[in-house]
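Working notes for the structure below.
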Amino acid sequence: MAYDFDLFVIGAGSGGVRAARFAAGFGAKVAVAESRYLGGTCVNVGCVPKKLLVYGAHVADELEQAAGFGWTLEEGHFDWGTLIANKNREIERLNGIYRNLLVNSGVTLLQGHARFTGAHEVEVDGQRYSAEHILIATGGWPQVPDIPGKELAITSNEAFYLNELPRRVLVVGGGYIAVEFAGIFQGLGADTTLLYRGDLFLRGFDGSVRTHLKEELEKRGLNLQFNADIQRIDKLDDGSLKATLKDGRELIADCVFYATGRRPMLDNLGLENTGVELDARGFIRVDEQYQTTAPSILAIGDVIGRVQLTPVALAEGMAVARRLFKPEQYRPVDYQNIPTAVFSQPPIGTVGLTEEQALEAGHKVQIFESRFRAMKLTLTDIQEKTLMKLVVDAETDKVLGCHMVGPDAGEIIQGLGVALKAGATKLQFDETIGVHPTAAEEFVTMRTVTR
């Protein structure tokens with residue numbers, strides 16, 4: 001049967017665009033349909049604008065530290081509107097870049113909602129298109145628990161477009177998005193409370209990292225409320241919001257921001273017209289080659305619920321394009337030792353196994369930990385501490401995990417990700433000469449086993 005396209009991609013986010021571009025470069029006839037914005041969550045309401053806001057919030061730290069270096073500054077004034085307008089302009093520029101990447105690659109770009117009408121067919125704005133392969137890359141969507149007043153809350157989707165910075169913010173959640181936005185709001189001057197139903201945020205991260213970040217956030221004055229959850233939200237006569245907690249307490253805020261998880265974006269996708277099945281969590285079920293239970297349909301990225309990170313979606317998109325249209329270049333995605341960062345304040349960088357994961361996997365471990373005040377802060381009154389940690393297999397000397405909380409953690413961990421991918425040992429770390437004076441050299445000068 002002759003198809004209109006060799007590959008039809010639903011979703012122009014990071015993974016979808018990567019798959020489409022490279023498939024077209026391999027000679028395939030490719031179309032992409034996108035109903036919202038080019039670049040997906042990461043470019044529009046995720047990594048990129050969030051990092052820009054983190055930079056903005058971090059300026060407050062620079063201003064506080066300036067006096068120690070001899071700078072006398074007039075009292076600063078922050079304007080939310082200017083930051084958001086500049087952010088919007090940059091996102092529009094990136095949208096244009098993504099458009100050019102697709103079009104210049106020979107991809108047919110359809111700006112409209114795509115819906116399956118069959119295993120080999122989709123409909124976009126009333127027009128039907130057939131394809132030998134169809135790739136679902138529709139990403140995820142934030143979700144708010146079904147409580148009374150949920151419509152009064154916002155998520156990360158709306159936070160980037162607030163008309164003004166709220167005076168009092170209640171951030172709900174214990175994952176990295178909640179922690180990052182709590183830092184953003186507080187750093188920009190809002191009275192911020194972080195509310196989480198568990199004992200300690202960032203479940204799944206190394207225990208030392210979680211505890212250390214908690215201590216540093218408390219030093220900064222962030223109000224942390226653990227083992228707490230909201231029962232209902234009500235709007236008061238003055239326009240503020242009252243959050244009634246399950247323990248009966250009441251918190252007043254001008255904005256309630258929820259970051260309590262993301263669901264796969266499958267709305268009106270027409271999966272009932274295909275053989276695609278979902279797993280127990282509601283994500284699309286795929287095999288190791290991203291094949292769904294319908295032979296002609298594949299899925300990658302957040303919609304499959306594996307590792308929900310932009311670089312992972314990019315790698316998955318590349319793997320699909322190669323397997324289908326350049327099999328001699330195909331290699332599977334390696335999900336081991338994926339470096340990641342949390343742009344909290346201070347930020348986290350991590351790669352490899354946590355201490356808890358290493359022990360659970362049966363490793364006998366040696367732990368090397370260092371906490372120190374960064375050199376930059378020695379001329380100031382700021383008492384923030386940096387944490388660096390290595391998890392080492394005591395029998396093989398292999399470094400199993402590297403973890404950091406402190407300035408530039410993400411930048412530093414990227415290089416260590418290469419070392420762990422290459423199987424570096426603690427001896428090789430020890431024999432590596434450090435760059436002095438830097439914080440990063442601490443990773444190659446830790447000699448004493450902490451435990």
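By convention here, the chains of the structure tokens are called A, B, ... in the order presented, each chain's residues are numbered starting at 1, and ligands are numbered starting at 1 in the order presented.
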Item to complete: List the neighbours of Asp206 of chain A out to 8 Å using only C-alpha atoms; skip same-chain residues closer than 3 positions along the sequence, and give me the result as a list in words.
Response: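 Counting only C-alpha atoms, the residues come to Val209, Arg210, Thr354, Glu355, Glu356 and His403 of chain A.
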| said: So that I can check the surroundings of segment 183-187 of chain A, please list as number ranges by chain every protein, DNA and RNA residue that reaches within 9 Å of it, counting only C-alpha atoms and ignoring chain neighbours fewer than 3 positions away. | reply: A: 50, 53-61, 165-166, 168-169, 178-180, 190-193, 217, 220-222, 343-346
Selection file, N, CA and C atoms, as a tab-separated table (two decimals), in the first residue's frame:
chain	number	residue	atom	x	y	z
A	50	LYS	N	12.06	28.09	32.68
A	50	LYS	CA	12.32	27.89	34.11
A	50	LYS	C	13.76	28.29	34.44
A	53	LEU	N	14.11	31.99	34.59
A	53	LEU	CA	13.59	32.53	35.85
A	53	LEU	C	14.53	32.23	37.01
A	54	VAL	N	15.19	31.07	36.97
A	54	VAL	CA	16.17	30.74	38.00
A	54	VAL	C	17.33	31.74	37.96
A	55	TYR	N	17.79	32.05	36.76
A	55	TYR	CA	18.84	33.06	36.63
A	55	TYR	C	18.39	34.38	37.25
A	56	GLY	N	17.15	34.76	36.95
A	56	GLY	CA	16.61	36.00	37.50
A	56	GLY	C	16.59	35.99	39.01
A	57	ALA	N	16.15	34.88	39.59
A	57	ALA	CA	16.08	34.77	41.05
A	57	ALA	C	17.46	34.79	41.68
A	58	HIS	N	18.45	34.23	40.96
A	58	HIS	CA	19.80	34.14	41.51
A	58	HIS	C	20.48	35.50	41.59
A	59	VAL	N	19.99	36.48	40.84
A	59	VAL	CA	20.59	37.81	40.90
A	59	VAL	C	20.54	38.36	42.33
A	60	ALA	N	19.50	38.01	43.06
A	60	ALA	CA	19.39	38.46	44.45
A	60	ALA	C	20.59	38.00	45.27
A	61	ASP	N	21.07	36.77	45.02
A	61	ASP	CA	22.25	36.27	45.72
A	61	ASP	C	23.48	37.10	45.36
A	165	LEU	N	4.10	39.22	40.00
A	165	LEU	CA	4.63	38.28	40.98
A	165	LEU	C	3.74	38.28	42.22
A	166	PRO	N	3.19	37.12	42.59
A	166	PRO	CA	2.34	37.08	43.79
A	166	PRO	C	3.14	37.45	45.04
A	168	ARG	N	2.40	36.39	48.19
A	168	ARG	CA	2.49	35.18	49.02
A	168	ARG	C	2.17	33.97	48.15
A	169	VAL	N	3.09	33.00	48.14
A	169	VAL	CA	2.93	31.83	47.28
A	169	VAL	C	2.99	30.56	48.12
A	178	ALA	N	8.53	21.37	42.02
A	178	ALA	CA	8.07	22.12	43.19
A	178	ALA	C	9.24	22.82	43.87
A	179	VAL	N	10.34	22.10	44.05
A	179	VAL	CA	11.51	22.68	44.72
A	179	VAL	C	12.09	23.83	43.91
A	180	GLU	N	12.14	23.66	42.59
A	180	GLU	CA	12.69	24.71	41.74
A	180	GLU	C	11.83	25.97	41.78
A	190	ALA	N	8.94	36.81	46.72
A	190	ALA	CA	7.65	36.40	47.27
A	190	ALA	C	7.83	35.66	48.59
A	191	ASP	N	6.87	35.83	49.49
A	191	ASP	CA	6.84	35.08	50.74
A	191	ASP	C	6.36	33.67	50.39
A	192	THR	N	7.26	32.70	50.44
A	192	THR	CA	7.00	31.38	49.85
A	192	THR	C	6.99	30.27	50.89
A	193	THR	N	5.99	29.39	50.77
A	193	THR	CA	5.89	28.18	51.59
A	193	THR	C	5.86	26.97	50.67
A	217	LEU	N	17.84	25.37	52.37
A	217	LEU	CA	16.62	26.13	52.08
A	217	LEU	C	16.07	26.78	53.35
A	220	ARG	N	17.83	29.89	54.09
A	220	ARG	CA	17.40	30.99	53.23
A	220	ARG	C	16.03	31.54	53.64
A	221	GLY	N	15.39	30.90	54.60
A	221	GLY	CA	14.11	31.39	55.07
A	221	GLY	C	12.90	30.82	54.37
A	222	LEU	N	13.10	29.79	53.54
A	222	LEU	CA	11.96	29.16	52.90
A	222	LEU	C	11.17	28.37	53.95
A	343	PHE	N	17.46	22.60	39.46
A	343	PHE	CA	17.88	24.00	39.56
A	343	PHE	C	17.20	24.69	40.73
A	344	SER	N	17.39	24.05	41.88
A	344	SER	CA	16.98	24.64	43.15
A	344	SER	C	18.02	25.70	43.51
A	345	GLN	N	17.85	26.33	44.65
A	345	GLN	CA	18.82	27.32	45.08
A	345	GLN	C	19.25	27.04	46.51
A	346	PRO	N	20.40	26.37	46.70
A	346	PRO	CA	21.42	26.00	45.72
A	346	PRO	C	21.02	24.80	44.87
Ranking A:Asp79, A:Asp199, A:Asp408, A:Glu369 by minimum distance to Phe443 of chain A and counting only C-alpha atoms, which one comes first?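 The answer is A:Glu369, which sits nearest to Phe443 of chain A.
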Asp146 of chain A surroundings by only C-alpha atoms, 12 Å radius, close-in-sequence under 3 positions cut, as an mmCIF file with N, CA and C atoms, in the first residue's frame:
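Resulting contents of selection_2.cif:
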data_model
loop_
_atom_site.group_PDB
_atom_site.id
_atom_site.type_symbol
_atom_site.label_atom_id
_atom_site.label_comp_id
_atom_site.auth_asym_id
_atom_site.auth_seq_id
_atom_site.Cartn_x
_atom_site.Cartn_y
_atom_site.Cartn_z
ATOM 1 N N GLN A 143 -0.929 17.910 36.491
ATOM 2 C CA GLN A 143 -2.240 17.585 37.029
ATOM 3 C C GLN A 143 -2.370 18.052 38.471
ATOM 4 N N GLY A 149 -12.090 23.490 44.971
ATOM 5 C CA GLY A 149 -11.305 24.694 44.719
ATOM 6 C C GLY A 149 -10.090 24.478 43.852
ATOM 7 N N LYS A 150 -9.937 23.295 43.236
ATOM 8 C CA LYS A 150 -8.749 23.015 42.421
ATOM 9 C C LYS A 150 -8.595 24.012 41.275
ATOM 10 N N GLU A 151 -9.722 24.570 40.808
ATOM 11 C CA GLU A 151 -9.664 25.528 39.693
ATOM 12 C C GLU A 151 -9.001 26.842 40.098
ATOM 13 N N LEU A 152 -8.832 27.059 41.402
ATOM 14 C CA LEU A 152 -8.194 28.280 41.881
ATOM 15 C C LEU A 152 -6.669 28.165 41.889
ATOM 16 N N ALA A 153 -6.159 26.957 41.726
ATOM 17 C CA ALA A 153 -4.716 26.721 41.740
ATOM 18 C C ALA A 153 -4.139 26.879 40.335
ATOM 19 N N ILE A 230 -3.251 19.639 51.329
ATOM 20 C CA ILE A 230 -4.398 20.536 51.244
ATOM 21 C C ILE A 230 -5.692 19.741 51.065
ATOM 22 N N GLN A 231 -6.702 20.105 51.814
ATOM 23 C CA GLN A 231 -8.014 19.478 51.694
ATOM 24 C C GLN A 231 -8.933 20.250 50.754
ATOM 25 N N ARG A 232 -8.855 21.601 50.820
ATOM 26 C CA ARG A 232 -9.675 22.419 49.936
ATOM 27 C C ARG A 232 -9.065 23.819 49.819
ATOM 28 N N ILE A 233 -9.438 24.522 48.742
ATOM 29 C CA ILE A 233 -8.990 25.895 48.515
ATOM 30 C C ILE A 233 -10.228 26.764 48.340
ATOM 31 N N TYR A 258 0.601 24.193 42.146
ATOM 32 C CA TYR A 258 0.680 22.741 42.289
ATOM 33 C C TYR A 258 1.726 22.149 41.348
ATOM 34 N N THR A 260 2.428 18.442 41.503
ATOM 35 C CA THR A 260 2.202 17.137 42.138
ATOM 36 C C THR A 260 2.138 16.010 41.115
#
Note to self: Write out as an NGL selection string the set of residues from segment 53-243 of chain A that DSSP, computed on the backbone, places in helix (DSSP H, G or I).
What the structure shows: :A and (53-69 or 80-104 or 150-152 or 156-159 or 176-187 or 207-219)
Each segment 124-166 of chain A residue no farther than 12 Å from segment 270-278 of chain A, nearest pair in Å, only C-alpha atoms, as CSV:
residue,atom,partner,partner_atom,distance
A:Val124,CA,A:Gly270,CA,11.8
A:Ile134,CA,A:Thr274,CA,11.2
A:Leu135,CA,A:Val276,CA,11.7
A:Ile136,CA,A:Leu271,CA,10.4
TODO: Would you list the contacts of segment 119-123 of chain A as a VMD selection string, taking every protein, DNA or RNA residue within 12 Å and counting only C-alpha atoms, but skipping same-chain residues closer than 4 positions in sequence?
DONE: chain A and resid 1 to 10 31 to 33 110 to 115 127 to 136 268 to 276 292 to 298
Practice prompt. Please measure the separation of atom CA of Lys235 of chain A and atom CA of Phe257 of chain A, giving the value in Å to one decimal.
Written response: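 Atom-to-atom, atom CA of Lys235 of chain A and atom CA of Phe257 of chain A are spaced 14.4 Å apart.
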DSSP-assigned strand (DSSP E) members of segment 254-284 of chain A, reported as a list in words: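 Taking segment 254-284 of chain A and keeping strand (DSSP E) only, one gets Cys255, Val256, Phe257, Tyr258, Arg262, Arg263 and Pro264 of chain A.
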**Asked** In Å to one decimal, how far is atom CA of Leu416 of chain A from atom CA of Val365 of chain A?
**Response**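 A separation of 18.7 Å between them.
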Report task. Determine, counting only C-alpha atoms, which protein, DNA and RNA residues have an atom within 9 Å of an atom of Gly349 of chain A; residues of the same chain fewer than 2 positions away are not included. Present the result as JSON, numbers by chain. Result -> {"A": [339, 340, 341, 342, 343, 347, 351, 402, 403, 404, 405, 406, 408, 409, 410, 411, 412, 413, 414]}
Report task. Using only C-alpha atoms, find the one residue out of A:Val449, A:Ile348, A:Cys255, A:Leu377 that sits nearest to Leu390 of chain A. Result ->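 Of A:Val449, A:Ile348, A:Cys255, A:Leu377, the one nearest Leu390 of chain A, counting only C-alpha atoms, is A:Val449.
In this comparison, which uses only C-alpha atoms, the residue of A:Arg451, A:Arg371, A:Arg323, A:Arg18 approaching His212 of chain A most closely is A:Arg371.
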Q: Can you work out the spacing between atom CA of Val391 of chain A and atom CA of Ile367 of chain A in Å, to one decimal?
A: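 If I compute the distance from atom CA of Val391 of chain A to atom CA of Ile367 of chain A, I get 5.0 Å.
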Exercise. Which of these, A:Phe325, A:Asp381, A:Leu188, A:Ile252, has the shortest distance to Gly239 of chain A once you count only C-alpha atoms?
Worked result: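 Of A:Phe325, A:Asp381, A:Leu188, A:Ile252, the one nearest Gly239 of chain A is A:Ile252, counting only C-alpha atoms.
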* Write out as a ChimeraX atom specification which residues come within 12 Å of segment 99-107 of chain A when counting only C-alpha atoms, dropping same-chain ones fewer than 2 positions away. => /A:5-9,12-14,16-34,37-40,92-97,109-111
